[in-house]
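As structure tokens, the structure follows; a few thoughts come after it.
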Amino acid sequence: MLSRRSLLSRTIRRKKNHTKRIKSNKNIKNVPKEQELPNQQQEDEDNEEGFNLKSSAPSHTHGVQPLGNLYLNPGSVNSRNTGLGNLQTLTDELVLEILGLLDATHLGVLACVSKSFYVFSNHEPLWRNLVLDGLNGRFLYNGSWKSTYIAACYPLIDVSRVLVSGLKVRDFYSDYLFQSWLCANLEMKPEWLERGNIVRKKGISVEEFVMNFEEPNKPVLLEGCLDNWPASKKWNRDYLLKLCDDVPFAVGPVEMKLEDYFRYSDQVREERPLYLFDPKFAEKVPVLGSEYEVPVYFREDLFSVLGKERPDYRWIIIGPAGSGSSFHIDPNSTSAWNAVIKGSKKWVLFPPDVVPPGVHPSPDGAEVACPVSIIEWFMNFYGATKNWKKGPIECICKAGEVIFVPNGWWHLVINLEDSIAITQNYVSRRNLLNVLDFLKKPNASELVSGTKDRINLHDKFKNAIEASFPGTIEELTLKAEEKQAQQKNVSFWDSVTDSKVGAFKFSF
Amino acid sequence: MSSTGRKITLKSSDGETFEVDEAVALESQTIKHMIEDDCADNGIPLPNVTSKILSKVIEYCKKHVEAPKSDDRDRATSVDDELKAWDADFVKVDNSTLFDLILAANYLKIKSLLDLTCQTVADMFKGKTPNEIRKTVHIKNDFTPDEEEKVRRENQWAFE
């Protein structure tokens, strides 16, 4: 088997060799001895070692350097600009947007125009799009997206020529392209993995869980729930390959056989690796569905009243180190649990009223712009949260552990090694009212996810609940109103007696 | 056609002012947000856009705001064709203007103009040899002969 990367164990070993590697691979003269990455953020307190690169990425494939290096070389010319000609006034993103409109042959021709166009035309995300748009999941990953595409579309070509090349270009400085490469090749820094402040429980009763976590909407990490799962013992790569054979699974925008996906995930080195995330896994391979069971805490599953019309609710998740999800809130105001069967995941969670730094939700909640990738978020924003009063809940969830993600909580997840997990979203009586409210919203048809019939979901669900659990909604509504009335009184009293209260809600 | 006729003043980087209908100005998401945030009262300064480019952008926005939306199926295609022809003419400008338009459309967040101008540049590259492309965008070949051969071999498949 190809060696599989782990973001966890490598970082610590790499630290010592790191600075040597960065220096020797940059063809930079006149760079001060301690210089690492000149445009690194100043807030990055742990600056002594800079970043840890994955072992097989000594420097940018084509020699791209960050802009800061140009400023250290007065009189140096940026071949990015001279090679773009009239296009040099455009930003890197705009150049790439233009190139994104071209097909493979045009990119191939462009690569021969100048050093600058060579670098731009070989930008991997361009080729990734060509593969995903054009080949529909039927591709055999071949070391890079470009050579994958060429191998698939030009079968007579000796692809090793495309693979092996990689002309090193001198004097090409670009923050965007360098950053893009950097994020693809960075490992998680140890200090990003240190904090584990989530509450951990083992063997608690359902009542205790509901009272201390589900009701007050707090996350918790539960141990020992997966001990009886056949999946815990049986699920590994070989078993899954044999069991699932040629069944196509959802991977991002396409569907792929497991074998093809693993071929990709073993080799890939990119900022946002494709993630296998399939909501129909139990329908596609019923044995998978039979080898796990919902932990006892989460058995109340009110969407089940909708039967086949219920929104997507369970996923198998498989991905390599570095894959994951950047900040989001789960759809439909549901709560979730996520069980790691193999591997490990780093979680960062923020409560519903605290927007994570770097994240910009639109006012109606219809869009969440998290412009940065997971790694970039850690590089640029994680450090700032250390001093927050209402900071994030964090943990590493290992094989055999389950995390409870309460409804409305922001969360980010990154796999630290090859991982296999199961996750389910659910509605219990504790978040039933929230869910109904959410589904009632005027723009529900855009926001509601995982079902084809978005517009009627609210009514259907409400009616189905009334039919199966008559009076429940009314009972819950009354309770909620009582609680709100109580809370108002309490906080007023608090503000009168406690001189410390009256502070802000923010935590900047 | 304009109803309420509220006018917005836009100021180019070189100090010229342009008065436009609000509907026209709203084609730009950037300007739209400024108006929503109440920054528009004394005119909107656009320090990144010269008067030459701004007047072209306004011309584009005016045309697209006035274009009737295609709810009538029969009329739709001929109206679309007309607009497309107008667009094709609109981008028949020199390189430097074209790239300035891209930058302006990007800054002002006018998606259709950005799409149009980017597609125009992309089309410029199609069906040309590397040398012809160099001439089009005024580049000197900066590969050494060795490098050029290596790169050519790497991408030979694109030439066959």
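Convention: chains lettered A, B, ... in structure tokens order; per-chain residue numbering from 1; ligands numbered from 1 as shown.
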
Skipping near chain neighbours, those fewer than 4 positions away, what residues fall within 8 Å of B:Asn141 using only C-alpha atoms, listed as an mmCIF file with C-alpha atoms, in the first residue's frame?
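Ended up saving to out-v4.cif:
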data_model
loop_
_atom_site.group_PDB
_atom_site.id
_atom_site.type_symbol
_atom_site.label_atom_id
_atom_site.label_comp_id
_atom_site.auth_asym_id
_atom_site.auth_seq_id
_atom_site.Cartn_x
_atom_site.Cartn_y
_atom_site.Cartn_z
ATOM 1 C CA GLY A 83 5.594 37.267 -19.439
ATOM 2 C CA VAL A 113 4.054 31.333 -24.817
ATOM 3 C CA SER A 114 6.179 32.563 -21.917
ATOM 4 C CA ARG B 134 2.819 36.758 -28.072
#

>> So that I can check the secondary structure, give me every residue of stretch 2-69 of chain B assigned helix (DSSP H, G or I) by backbone DSSP, as a VMD selection string.
In response: chain B and resid 22 to 25 29 to 36 51 to 66

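Distances here use only C-alpha atoms; by that measure, the residue among A:Lys257, A:His411, A:Lys168, A:Lys389 closest to chain B is A:Lys168.
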
>> Distance limit 8 Å, atoms considered: only C-alpha atoms. Which chain A residues sit that close to chain B? Return them as a VMD selection string.
In response: chain A and resid 82 to 87 89 to 90 97 to 99 101 to 102 104 to 106 108 to 115 154 157 161 to 162 165 167

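Going from atom CA of A:Trp409 over to atom CA of A:Leu221, you cover 14.7 Å.
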
> DSSP on the backbone: what in stretch 11-157 of chain B comes out strand (DSSP E), as a PyMOL selection string?
Replying inline: chain B and resi 11+17-21+44-45

> Can you list, as a list in words, every protein, DNA or RNA residue that comes within 12 Å of B:Ala23 when you count only C-alpha atoms, leaving out same-chain residues fewer than 5 positions away?
Replying inline: Met1, Ser2, Ser3, Thr4, Gly5, Arg6, Lys7, Ile8, Ser28, Gln29, Ile31, Lys32, Ile35, Ile58, Cys61, Lys62, Lys63, His64, Val65 and Glu66 of chain B

>> Quick check, in Å to one decimal: how far apart do atom CA of A:Tyr149 and atom CA of A:Ala250 lie?
In response: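 Interatomic distance here is 19.9 Å.
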
>> When you count only C-alpha atoms, which of these residues is closest to A:Glu417: A:Leu156, A:Ala321, A:Ile329, A:Leu288?
In response: A:Ala321

> Hey, which of A:Ser362, A:Thr61, A:Asn212, A:Gln267 ends up closest to A:Arg170? Count only C-alpha atoms.
Replying inline: A:Thr61

>> Using only C-alpha atoms for the distances, tell me which of A:Leu306, A:Leu186, A:Met256, A:Ile341 is nearest to A:Met379.
In response: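 Counting only C-alpha atoms, the residue closest to A:Met379 is A:Leu186.
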
>> One number please: atom CA of B:Leu46 to atom CA of B:Leu10, in Å, one decimal.
In response: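 Atom CA of B:Leu10 lies at a distance of 7.0 Å from atom CA of B:Leu46.
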
>> When you look at B:Ser51 with a cut-off of 7 Å (counting only C-alpha atoms), what residues show up, excluding the ones that are within fewer than 4 positions of it in the same chain? I need them as a list of chain:residue names.
In response: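 Counting only the stated atoms, we get B:Ser12, B:Ser13, B:Asp14, B:Glu16, B:Ser55.
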
> For A:Phe172, which residue out of A:Lys483, A:Lys202, A:His62, A:Lys346 is the nearest one, using only C-alpha atoms?
Replying inline: A:His62
